[in-house]
$ cat my_file-v8.cif   # mmCIF, C-alpha atoms
data_query
loop_
_atom_site.label_atom_id
_atom_site.label_comp_id
_atom_site.auth_asym_id
_atom_site.auth_seq_id
_atom_site.Cartn_x
_atom_site.Cartn_y
_atom_site.Cartn_z
CA MET A 1 -94.00 61.24 66.13
CA THR A 2 -95.23 59.63 69.33
CA PRO A 3 -92.77 59.42 72.24
CA ALA A 4 -92.59 55.63 71.68
CA ALA A 5 -91.68 56.13 68.00
CA ASP A 6 -89.12 58.74 69.05
CA GLU A 7 -87.55 56.29 71.47
CA HIS A 8 -87.50 53.66 68.77
CA ALA A 9 -85.70 56.04 66.38
CA VAL A 10 -83.07 56.77 69.04
CA GLU A 11 -82.52 53.04 69.49
CA VAL A 12 -82.05 52.48 65.75
CA LEU A 13 -79.58 55.38 65.50
CA LYS A 14 -77.68 53.99 68.49
CA GLY A 15 -77.51 50.67 66.66
CA LEU A 16 -75.99 52.39 63.61
CA LEU A 17 -73.34 54.06 65.80
CA ASP A 18 -72.53 50.75 67.52
CA ALA A 19 -72.07 49.09 64.13
CA ASN A 20 -69.78 51.95 63.10
CA ASP A 21 -67.66 51.63 66.25
CA HIS A 22 -67.27 47.91 65.62
CA GLU A 23 -66.01 48.54 62.09
CA ALA A 24 -63.72 51.35 63.33
CA LEU A 25 -62.08 48.87 65.67
CA HIS A 26 -61.50 46.62 62.68
CA ASN A 27 -59.92 49.52 60.72
CA ARG A 28 -57.65 50.24 63.71
CA GLU A 29 -56.44 46.62 63.61
CA HIS A 30 -55.54 47.11 59.92
CA PHE A 31 -53.54 50.22 60.80
CA GLU A 32 -51.72 48.53 63.69
CA ARG A 33 -50.88 45.43 61.66
CA HIS A 34 -49.33 47.52 58.89
CA ASN A 35 -47.75 50.17 61.14
CA VAL A 36 -49.76 53.00 59.60
CA LEU A 37 -50.43 56.32 61.34
CA ALA A 38 -54.02 57.29 60.47
CA VAL A 39 -54.94 60.99 60.64
CA ASN A 40 -58.54 62.22 60.25
CA LEU A 41 -58.72 65.78 58.87
CA MET A 42 -61.98 67.60 59.57
CA SER A 43 -63.22 71.13 58.88
CA SER A 44 -65.87 73.31 57.25
CA PRO A 45 -66.09 73.25 53.45
CA GLY A 46 -63.23 75.14 51.86
CA ALA A 47 -61.07 75.51 54.98
CA GLY A 48 -58.04 74.23 53.05
CA LYS A 49 -57.75 70.51 53.85
CA THR A 50 -56.64 69.55 50.33
CA ALA A 51 -54.24 72.48 50.06
CA LEU A 52 -52.71 71.46 53.41
CA LEU A 53 -52.27 67.91 52.12
CA GLU A 54 -50.67 69.08 48.86
CA ALA A 55 -48.11 71.15 50.81
CA THR A 56 -47.56 68.31 53.30
CA ILE A 57 -46.88 65.78 50.54
CA GLU A 58 -44.42 68.19 48.90
CA ALA A 59 -42.53 68.63 52.17
CA LEU A 60 -42.62 65.08 53.57
CA GLY A 61 -43.15 62.90 50.51
CA LYS A 62 -39.47 61.96 50.27
CA ASP A 63 -39.16 60.83 53.89
CA LEU A 64 -42.57 59.26 54.47
CA ASN A 65 -44.87 57.14 52.34
CA ILE A 66 -48.17 58.98 52.31
CA ALA A 67 -51.59 57.86 51.07
CA VAL A 68 -54.90 59.70 51.16
CA VAL A 69 -58.58 58.75 51.43
CA GLU A 70 -60.80 61.58 50.19
CA GLY A 71 -64.41 62.06 51.29
CA ASP A 72 -66.74 64.26 49.24
CA LEU A 73 -70.44 64.30 48.43
CA GLU A 74 -69.62 64.54 44.72
CA THR A 75 -66.64 64.90 42.33
CA GLU A 76 -63.20 63.27 42.16
CA ASN A 77 -61.52 66.70 42.18
CA ASP A 78 -59.67 66.32 45.47
CA ALA A 79 -58.33 62.82 44.75
CA GLU A 80 -57.06 64.08 41.39
CA ARG A 81 -55.23 66.97 43.06
CA ILE A 82 -53.53 64.52 45.44
CA ARG A 83 -52.62 62.02 42.69
CA ALA A 84 -51.01 64.88 40.77
CA LYS A 85 -48.53 65.02 43.68
CA GLY A 86 -47.56 61.39 43.02
CA VAL A 87 -49.37 59.86 45.96
CA PRO A 88 -52.14 57.20 45.94
CA ALA A 89 -55.60 58.64 46.69
CA ILE A 90 -58.91 56.82 46.98
CA GLN A 91 -62.01 58.95 46.48
CA ILE A 92 -65.16 58.12 48.42
CA THR A 93 -68.23 59.96 47.10
CA THR A 94 -70.90 59.87 49.78
CA GLY A 95 -73.87 61.18 47.77
CA SER A 96 -75.97 62.99 50.35
CA ALA A 97 -74.21 61.52 53.42
CA CYS A 98 -72.71 64.28 55.55
CA HIS A 99 -69.69 62.40 56.95
CA LEU A 100 -67.43 59.42 56.32
CA ASP A 101 -68.19 56.30 58.31
CA ALA A 102 -65.94 53.38 59.22
CA HIS A 103 -67.47 51.08 56.58
CA MET A 104 -66.67 53.49 53.75
CA VAL A 105 -63.09 53.87 54.99
CA HIS A 106 -62.75 50.11 55.33
CA ASP A 107 -63.73 49.63 51.68
CA ALA A 108 -61.13 52.23 50.68
CA LEU A 109 -58.39 50.54 52.76
CA HIS A 110 -58.76 47.42 50.65
CA GLU A 111 -57.82 49.45 47.58
CA LEU A 112 -54.50 50.52 49.14
CA GLU A 113 -51.25 48.61 49.72
CA LEU A 114 -51.02 49.43 53.43
CA ASP A 115 -47.58 47.81 53.75
CA ASP A 116 -46.25 50.64 51.60
CA VAL A 117 -47.88 53.39 53.70
CA ASP A 118 -46.43 55.23 56.72
CA VAL A 119 -49.09 57.92 57.10
CA LEU A 120 -52.69 57.71 55.87
CA PHE A 121 -54.58 60.99 55.78
CA ILE A 122 -58.36 60.70 55.73
CA GLU A 123 -59.87 63.94 54.42
CA ASN A 124 -63.40 63.93 55.79
CA VAL A 125 -66.47 65.56 54.21
CA GLY A 126 -66.43 69.35 54.72
CA ASN A 127 -68.71 69.65 57.73
CA LEU A 128 -67.93 71.04 61.18
CA VAL A 129 -70.63 68.96 62.90
CA CYS A 130 -71.34 65.37 61.87
CA PRO A 131 -67.87 63.87 61.16
CA ALA A 132 -66.86 64.35 64.80
CA SER A 133 -69.39 61.71 65.91
CA PHE A 134 -68.12 58.86 63.71
CA ASP A 135 -64.96 56.98 64.68
CA LEU A 136 -63.08 55.81 61.58
CA GLY A 137 -60.35 53.94 63.46
CA GLN A 138 -57.93 56.92 63.16
CA HIS A 139 -55.21 57.59 65.72
CA ILE A 140 -55.48 61.36 65.53
CA ASN A 141 -58.16 63.96 64.82
CA VAL A 142 -57.01 67.24 63.31
CA ALA A 143 -59.59 70.06 63.12
CA LEU A 144 -58.91 72.93 60.73
CA LEU A 145 -60.31 76.38 61.54
CA SER A 146 -60.06 78.74 58.58
CA THR A 147 -59.42 82.37 59.58
CA PRO A 148 -62.30 83.82 57.46
CA GLU A 149 -64.74 81.67 59.48
CA GLY A 150 -64.10 83.66 62.66
CA ASP A 151 -62.32 82.98 65.94
CA ASP A 152 -65.55 82.08 67.80
CA LYS A 153 -66.13 78.80 65.96
CA PRO A 154 -64.68 76.43 68.62
CA ALA A 155 -67.35 77.78 71.03
CA LYS A 156 -70.13 77.34 68.45
CA TYR A 157 -69.04 73.86 67.25
CA PRO A 158 -67.81 72.32 70.51
CA VAL A 159 -68.34 68.66 69.54
CA MET A 160 -65.80 69.00 66.72
CA PHE A 161 -63.23 71.03 68.60
CA ARG A 162 -63.50 68.88 71.73
CA ALA A 163 -62.65 65.83 69.59
CA ALA A 164 -59.53 67.47 68.10
CA ASP A 165 -56.02 66.31 69.09
CA LEU A 166 -54.60 69.26 67.14
CA VAL A 167 -56.22 72.47 65.88
CA LEU A 168 -54.77 74.17 62.80
CA VAL A 169 -55.70 77.80 62.16
CA THR A 170 -55.51 77.75 58.35
CA LYS A 171 -55.24 80.59 55.80
CA SER A 172 -53.40 82.55 58.48
CA ASP A 173 -51.80 84.61 55.70
CA LEU A 174 -55.20 86.39 55.70
CA LEU A 175 -55.00 87.40 59.39
CA GLU A 176 -53.76 90.90 58.60
CA VAL A 177 -56.26 91.48 55.76
CA LEU A 178 -59.21 90.30 57.84
CA GLY A 179 -58.19 92.19 60.97
CA ASP A 180 -60.92 90.65 63.12
CA PHE A 181 -59.62 87.13 63.81
CA SER A 182 -57.64 86.75 67.04
CA PRO A 183 -55.65 83.48 67.25
CA ASP A 184 -55.52 84.00 71.04
CA ALA A 185 -59.31 84.23 71.22
CA ALA A 186 -59.63 81.04 69.12
CA GLU A 187 -57.24 79.26 71.49
CA ARG A 188 -59.19 80.50 74.53
CA CYS A 189 -62.37 79.03 73.00
CA VAL A 190 -60.60 75.66 72.68
CA ARG A 191 -59.46 75.82 76.32
CA GLN A 192 -62.98 76.77 77.47
CA ILE A 193 -64.30 73.47 76.13
CA ALA A 194 -61.57 71.78 78.20
CA ASN A 195 -59.36 70.74 75.27
CA PRO A 196 -55.59 71.08 75.91
CA ALA A 197 -54.73 70.33 72.22
CA PRO A 198 -52.04 72.47 70.55
CA VAL A 199 -53.39 75.29 68.34
CA LEU A 200 -51.04 76.12 65.44
CA LYS A 201 -51.27 78.92 62.87
CA VAL A 202 -50.46 77.76 59.34
CA SER A 203 -50.73 78.88 55.73
CA ALA A 204 -50.32 76.28 53.02
CA LYS A 205 -50.14 79.15 50.51
CA THR A 206 -47.20 81.08 52.02
CA GLY A 207 -45.63 78.30 54.11
CA LEU A 208 -46.17 80.33 57.30
CA GLY A 209 -46.10 78.06 60.38
CA MET A 210 -45.92 74.88 58.31
CA ASP A 211 -42.78 73.69 60.11
CA GLY A 212 -44.70 73.22 63.36
CA TRP A 213 -47.31 71.05 61.61
CA LEU A 214 -44.71 69.02 59.68
CA ASP A 215 -42.66 68.40 62.83
CA TRP A 216 -45.79 67.27 64.61
CA ILE A 217 -46.61 64.72 61.88
CA ARG A 218 -42.98 63.50 61.76
CA ARG A 219 -43.03 63.00 65.53
CA GLU A 220 -46.35 61.14 65.51
CA ALA A 221 -45.26 58.93 62.60
CA GLY A 222 -41.90 58.25 64.32
CA SER A 223 -43.56 57.21 67.57
CA ARG A 224 -45.35 54.39 65.75
CA GLU A 225 -42.27 52.76 64.27
CA MET B 1 -75.45 45.47 60.49
CA THR B 2 -77.41 42.85 58.61
CA PRO B 3 -79.18 43.92 55.39
CA ALA B 4 -82.51 43.56 57.21
CA ALA B 5 -81.36 45.88 60.02
CA ASP B 6 -80.08 48.34 57.40
CA GLU B 7 -83.47 48.34 55.69
CA HIS B 8 -85.14 48.86 59.03
CA ALA B 9 -82.92 51.88 59.77
CA VAL B 10 -83.80 53.41 56.40
CA GLU B 11 -87.50 53.01 57.23
CA VAL B 12 -87.12 54.71 60.60
CA LEU B 13 -85.19 57.62 59.05
CA LYS B 14 -87.88 57.94 56.38
CA GLY B 15 -90.45 58.12 59.19
CA LEU B 16 -88.52 60.97 60.82
CA LEU B 17 -88.45 62.89 57.53
CA ASP B 18 -92.18 62.31 56.99
CA ALA B 19 -92.91 63.65 60.48
CA ASN B 20 -90.75 66.69 59.70
CA ASP B 21 -92.59 67.38 56.43
CA HIS B 22 -95.90 67.21 58.25
CA GLU B 23 -94.76 69.78 60.81
CA ALA B 24 -93.28 71.97 58.03
CA LEU B 25 -96.71 72.09 56.41
CA HIS B 26 -98.09 73.26 59.73
CA ASN B 27 -95.42 76.01 59.95
CA ARG B 28 -96.32 77.12 56.41
CA GLU B 29 -99.94 77.50 57.50
CA HIS B 30 -98.77 79.78 60.32
CA PHE B 31 -96.80 81.90 57.85
CA GLU B 32 -99.74 82.14 55.41
CA ARG B 33 -102.24 83.01 58.11
CA HIS B 34 -100.06 85.88 59.36
CA ASN B 35 -98.76 87.02 55.95
CA VAL B 36 -95.15 86.33 56.84
CA LEU B 37 -92.41 85.76 54.26
CA ALA B 38 -90.15 83.00 55.67
CA VAL B 39 -86.55 82.87 54.42
CA ASN B 40 -84.19 80.00 55.30
CA LEU B 41 -80.52 81.08 55.27
CA MET B 42 -78.03 78.23 54.88
CA SER B 43 -74.25 78.10 54.53
CA SER B 44 -70.98 76.75 55.91
CA PRO B 45 -69.92 77.94 59.35
CA GLY B 46 -68.64 81.52 59.26
CA ALA B 47 -69.89 82.39 55.77
CA GLY B 48 -71.46 85.57 57.12
CA LYS B 49 -75.14 84.77 57.70
CA THR B 50 -75.40 86.89 60.87
CA ALA B 51 -73.41 89.78 59.36
CA LEU B 52 -75.75 89.71 56.34
CA LEU B 53 -78.76 89.86 58.66
CA GLU B 54 -77.30 92.75 60.67
CA ALA B 55 -76.77 94.77 57.47
CA THR B 56 -80.22 93.78 56.16
CA ILE B 57 -81.97 94.90 59.35
CA GLU B 58 -80.10 98.23 59.25
CA ALA B 59 -81.20 98.81 55.65
CA LEU B 60 -84.77 97.50 55.75
CA GLY B 61 -85.73 97.70 59.41
CA LYS B 62 -87.67 100.94 58.96
CA ASP B 63 -89.81 99.65 56.07
CA LEU B 64 -90.32 96.02 57.08
CA ASN B 65 -90.93 94.30 60.40
CA ILE B 66 -88.21 91.68 60.65
CA ALA B 67 -87.79 88.81 63.11
CA VAL B 68 -85.11 86.14 63.28
CA VAL B 69 -84.88 82.52 64.41
CA GLU B 70 -81.27 81.54 65.10
CA GLY B 71 -79.98 77.97 64.94
CA ASP B 72 -76.69 77.06 66.61
CA LEU B 73 -75.26 74.03 68.34
CA GLU B 74 -74.26 76.18 71.32
CA THR B 75 -74.21 79.84 72.46
CA GLU B 76 -76.74 82.69 72.25
CA ASN B 77 -74.17 84.92 70.50
CA ASP B 78 -76.02 85.28 67.21
CA ALA B 79 -79.42 86.06 68.75
CA GLU B 80 -77.74 88.70 70.92
CA ARG B 81 -76.16 90.32 67.86
CA ILE B 82 -79.59 90.49 66.18
CA ARG B 83 -81.36 91.81 69.29
CA ALA B 84 -78.75 94.58 69.50
CA LYS B 85 -80.23 95.79 66.17
CA GLY B 86 -83.64 96.18 67.85
CA VAL B 87 -85.27 93.11 66.29
CA PRO B 88 -86.79 90.08 68.05
CA ALA B 89 -84.60 86.96 67.84
CA ILE B 90 -85.29 83.47 69.17
CA GLN B 91 -82.23 81.29 69.69
CA ILE B 92 -82.53 77.54 69.14
CA THR B 93 -79.52 75.63 70.49
CA THR B 94 -79.49 72.20 68.90
CA GLY B 95 -76.79 70.53 71.04
CA SER B 96 -75.22 68.03 68.66
CA ALA B 97 -77.96 68.19 65.98
CA CYS B 98 -76.54 69.33 62.65
CA HIS B 99 -79.59 71.17 61.28
CA LEU B 100 -82.83 72.84 62.30
CA ASP B 101 -85.99 70.78 61.90
CA ALA B 102 -89.59 71.88 61.53
CA HIS B 103 -90.46 71.00 65.14
CA MET B 104 -87.73 73.27 66.54
CA VAL B 105 -88.86 76.13 64.31
CA HIS B 106 -92.49 75.55 65.30
CA ASP B 107 -91.60 75.92 68.99
CA ALA B 108 -89.76 79.17 68.19
CA LEU B 109 -92.75 80.54 66.21
CA HIS B 110 -94.88 80.35 69.33
CA GLU B 111 -92.47 82.75 71.05
CA LEU B 112 -93.00 85.40 68.35
CA GLU B 113 -95.91 87.75 67.62
CA LEU B 114 -96.27 86.75 63.97
CA ASP B 115 -98.93 89.42 63.32
CA ASP B 116 -96.18 92.00 63.82
CA VAL B 117 -93.76 90.30 61.40
CA ASP B 118 -93.37 90.87 57.64
CA VAL B 119 -90.20 88.86 57.05
CA LEU B 120 -88.92 86.00 59.21
CA PHE B 121 -85.32 84.99 58.61
CA ILE B 122 -84.37 81.53 59.82
CA GLU B 123 -80.58 81.30 60.21
CA ASN B 124 -79.86 77.60 59.99
CA VAL B 125 -76.97 75.74 61.65
CA GLY B 126 -73.69 76.37 59.78
CA ASN B 127 -73.52 73.25 57.61
CA LEU B 128 -73.48 72.96 53.83
CA VAL B 129 -74.99 69.45 53.82
CA CYS B 130 -77.74 68.46 56.26
CA PRO B 131 -79.98 71.56 56.50
CA ALA B 132 -80.90 71.23 52.80
CA SER B 133 -82.79 67.98 53.49
CA PHE B 134 -85.17 69.36 56.15
CA ASP B 135 -88.15 71.48 55.09
CA LEU B 136 -88.94 74.10 57.76
CA GLY B 137 -92.01 75.50 56.00
CA GLN B 138 -90.01 78.41 54.51
CA HIS B 139 -90.95 80.07 51.22
CA ILE B 140 -87.41 80.66 50.09
CA ASN B 141 -84.00 79.03 50.51
CA VAL B 142 -80.97 81.28 50.32
CA ALA B 143 -77.54 79.60 50.16
CA LEU B 144 -74.49 81.68 51.02
CA LEU B 145 -71.15 80.81 49.44
CA SER B 146 -68.27 82.62 51.10
CA THR B 147 -65.45 83.57 48.69
CA PRO B 148 -62.64 82.05 50.84
CA GLU B 149 -64.38 78.64 50.53
CA GLY B 150 -63.66 78.46 46.80
CA ASP B 151 -65.75 78.71 43.63
CA ASP B 152 -66.08 74.90 43.23
CA LYS B 153 -68.35 74.40 46.24
CA PRO B 154 -71.70 74.25 44.35
CA ALA B 155 -70.29 71.22 42.46
CA LYS B 156 -69.09 69.57 45.68
CA TYR B 157 -72.26 70.28 47.72
CA PRO B 158 -74.96 69.87 45.06
CA VAL B 159 -77.83 69.01 47.42
CA MET B 160 -77.56 72.42 49.10
CA PHE B 161 -77.04 74.46 45.94
CA ARG B 162 -79.78 72.65 44.04
CA ALA B 163 -82.22 73.58 46.84
CA ALA B 164 -81.30 77.29 46.68
CA ASP B 165 -83.73 79.86 45.26
CA LEU B 166 -80.98 82.47 45.52
CA VAL B 167 -77.20 82.12 45.89
CA LEU B 168 -75.26 84.91 47.59
CA VAL B 169 -71.49 85.05 47.07
CA THR B 170 -70.54 86.62 50.40
CA LYS B 171 -67.34 88.39 51.55
CA SER B 172 -66.89 89.45 47.94
CA ASP B 173 -64.75 92.36 49.19
CA LEU B 174 -62.06 89.65 49.48
CA LEU B 175 -62.22 88.66 45.78
CA GLU B 176 -59.23 90.80 44.87
CA VAL B 177 -57.11 89.70 47.85
CA LEU B 178 -57.83 86.01 47.27
CA GLY B 179 -57.31 86.17 43.51
CA ASP B 180 -58.45 82.59 42.93
CA PHE B 181 -62.25 82.79 43.26
CA SER B 182 -64.11 83.31 39.98
CA PRO B 183 -67.76 84.37 40.45
CA ASP B 184 -68.40 83.20 36.87
CA ALA B 185 -67.04 79.74 37.67
CA ALA B 186 -69.24 79.58 40.79
CA GLU B 187 -72.29 80.51 38.70
CA ARG B 188 -71.38 77.87 36.08
CA CYS B 189 -71.29 75.26 38.88
CA VAL B 190 -74.82 76.30 39.92
CA ARG B 191 -76.05 76.02 36.31
CA GLN B 192 -74.39 72.60 35.91
CA ILE B 193 -76.59 71.22 38.68
CA ALA B 194 -79.57 72.58 36.71
CA ASN B 195 -80.40 75.44 39.07
CA PRO B 196 -81.46 78.71 37.34
CA ALA B 197 -81.36 80.69 40.64
CA PRO B 198 -79.81 84.18 40.58
CA VAL B 199 -76.22 84.36 41.87
CA LEU B 200 -75.41 87.72 43.49
CA LYS B 201 -72.08 89.03 44.80
CA VAL B 202 -72.40 90.83 48.14
CA SER B 203 -70.30 92.15 50.99
CA ALA B 204 -72.04 93.00 54.24
CA LYS B 205 -68.79 94.66 55.35
CA THR B 206 -68.39 97.17 52.50
CA GLY B 207 -71.98 97.27 51.23
CA LEU B 208 -70.87 96.01 47.79
CA GLY B 209 -73.80 94.47 45.89
CA MET B 210 -76.16 94.73 48.84
CA ASP B 211 -78.75 96.70 46.81
CA GLY B 212 -79.48 93.65 44.65
CA TRP B 213 -80.13 91.50 47.71
CA LEU B 214 -82.23 94.14 49.46
CA ASP B 215 -84.35 94.73 46.31
CA TRP B 216 -84.88 90.99 46.04
CA ILE B 217 -86.15 90.74 49.62
CA ARG B 218 -88.37 93.83 49.19
CA ARG B 219 -89.89 92.29 46.03
CA GLU B 220 -90.50 88.91 47.65
CA ALA B 221 -92.03 90.52 50.74
CA GLY B 222 -94.19 92.80 48.54
CA SER B 223 -95.50 89.89 46.50
CA ARG B 224 -97.00 88.36 49.65
CA GLU B 225 -99.07 91.37 50.69
#
$ encode --input "my_file-v8.cif" --output "C-alpha cells"
Amino acid sequence: MTPAADEHAVEVLKGLLDANDHEALHNREHFERHNVLAVNLMSSPGAGKTALLEATIEALGKDLNIAVVEGDLETENDAERIRAKGVPAIQITTGSACHLDAHMVHDALHELELDDVDVLFIENVGNLVCPASFDLGQHINVALLSTPEGDDKPAKYPVMFRAADLVLVTKSDLLEVLGDFSPDAAERCVRQIANPAPVLKVSAKTGLGMDGWLDWIRREAGSRE
Amino acid sequence: MTPAADEHAVEVLKGLLDANDHEALHNREHFERHNVLAVNLMSSPGAGKTALLEATIEALGKDLNIAVVEGDLETENDAERIRAKGVPAIQITTGSACHLDAHMVHDALHELELDDVDVLFIENVGNLVCPASFDLGQHINVALLSTPEGDDKPAKYPVMFRAADLVLVTKSDLLEVLGDFSPDAAERCVRQIANPAPVLKVSAKTGLGMDGWLDWIRREAGSRE
C-alpha cells in the first residue's frame, strides 16, 4: 500500500465508526424512551457470559423483566439456552465479523417488545479486543475476566478493560485449583490503566459472589425508573 | 452509510487484504530461502500459547534452533518469558489492532538471523476470530482450545478452526476438575466444519500429551530439511 492508499483506508474506517456511533445514539434513544437499562457483556470466548446470564435470570427473573441479544459468529446455541430460562432472546449471527455493531443491535431491538423489558443484556461476540471499539448504545459495559485466562489480562488488553464500568472475575470457584491467579493482581492491573471500576469475584456455577453482581444490576435498573 | 459508501468500504478492505497477501508471499520467500519452518499459534486470550512455547523450547531447544515472534496489544511480558528460556524473541505491540499482519511480521523477521533458525513460532494476538483471516506467510496454523473455554468453541468460531492444521486442547490437566469438557465432542465439532486436522490433548503444566505435539513439530521441521 502507498501512504496515500493507507490514509484513504483510515478515512474509510473512520467513516464506518462514525456511522456506527450515529446508529448507537439512535439505539440509546430507544432505550431511554422505553426505560430500558442496556448492559453490554464482553469477554474472551468461553469466559462464562451465557452461564452468568442463566444464573442472573434465575435470580432476578421474578423481579425484573429481562431480555437478551446474543452475538455469535455461528450457531443459535446461546439464544436457545436463554430461551430455556423463559426469557426472550434474539440471536445475531455475525458470520466472520468479530464484534456486534449498532446496526445489528438495532435490527434485533425491533424484534423485541421493549415496553415489556426492564434490563436488556447484550452478549457480545467472544473477543477481548474488537467489541470495545463499537458503541452499541448501551448504558454499561461489563468485562468478564475468566480465572483460567490469567490475572495479567487487563494489562495485555487495555482497550477492553479501560472501557469497562464493572469487571467480573468469573469461574472464581477455580481459584484454588489454579493456584496462580491473584484477584488482587488483576485489580491492580485495572487500576494501572486508570480505571476505578469495581472488580467482583463471581462463580455462576457455585453462586460464590453472585450477590454483589445481582445487587449491582438491581441498583442500576432501579436508578433508571 | 449509503449502499454506495458500503460498497466502497468493502473495496478498501479488500485492498488491505490483497496488500497483506502480497507481503505474506514475500515472508514465505524469506522462510524458504533460509529453510525455516514457520508456525502460527492462534487462540483466545490466556489459552496457554506462551506456556506451550516455554515447554516446547525446554524440550526441543537442544535439537532445534527456535525463535519466536510475539504479538500483543501491549506489554513485552511474553517476549521476556521466551528470552528467559535462552531463545531470541521479537515483541510486536499492535496497540489496538486485533491481529498480526504480514507487514508487522516482515519487520520482525529483519530483526532475526534467519540462517540460525530452524523453527519460527509466531504467537498471534489472543483472539479466536480475526487472526485467522490474515496470512502471515506461515507454513502451519495451530489453533489452541483451552479446556475451560468449553468443547463447543470450534462450532462457534468456525473460521479459526477451519484454518487450523493442528488443534491442541490445552490445559487438559483440568479436564477432571471441570467435568464438562468432552475432548470427543470438541473433535466432532472440528470434523463438522470439514477439517480433518489432528486434535491433540496437551498440558504444558503437567507434561500430559506433550510428546505428541513435540513429535509433530520434529516431523514438520525434519520434512523441510
$ interface_residues --input "my_file-v8.cif" --of "chain A" --to "chain B" --cutoff "8 Å" --atoms "only C-alpha atoms" --output "VMD selection string"
chain A and resid 1 9 12 to 13 16 19 44 to 47 72 to 75 96 to 98 126 to 130 148 to 150 153 155 to 159
$ atom_distance --input "my_file-v8.cif" --atom1 "atom CA of Val169 of chain B" --atom2 "atom CA of Leu200 of chain B"
5.9 Å
$ resolve_selection --input "my_file-v8.cif" --expression "the PyMOL selection byres ((chain B and resi 188) around 12)" --output "NGL selection string"
:B and (151-155 or 161 or 182-187 or 189-199)
$ atom_distance --input "my_file-v8.cif" --atom1 "atom CA of Glu80 of chain A" --atom2 "atom CA of Ile92 of chain A"
12.3 Å
$ resolve_selection --input "my_file-v8.cif" --expression "the PyMOL selection byres ((chain A and resi 137) around 9)" --output "number ranges by chain"
A: 21, 23-29, 31, 38, 102, 105, 135-136, 138-139
$ resolve_selection --input "my_file-v8.cif" --expression "the PyMOL selection byres ((chain A and resi 217-225) around 10)" --output "list of chain:residue names"
A:Glu32, A:Asn35, A:Val36, A:Leu37, A:Ala38, A:Val39, A:Thr56, A:Leu60, A:Asp63, A:Leu64, A:Asp118, A:Val119, A:His139, A:Ile140, A:Asp211, A:Gly212, A:Trp213, A:Leu214, A:Asp215, A:Trp216
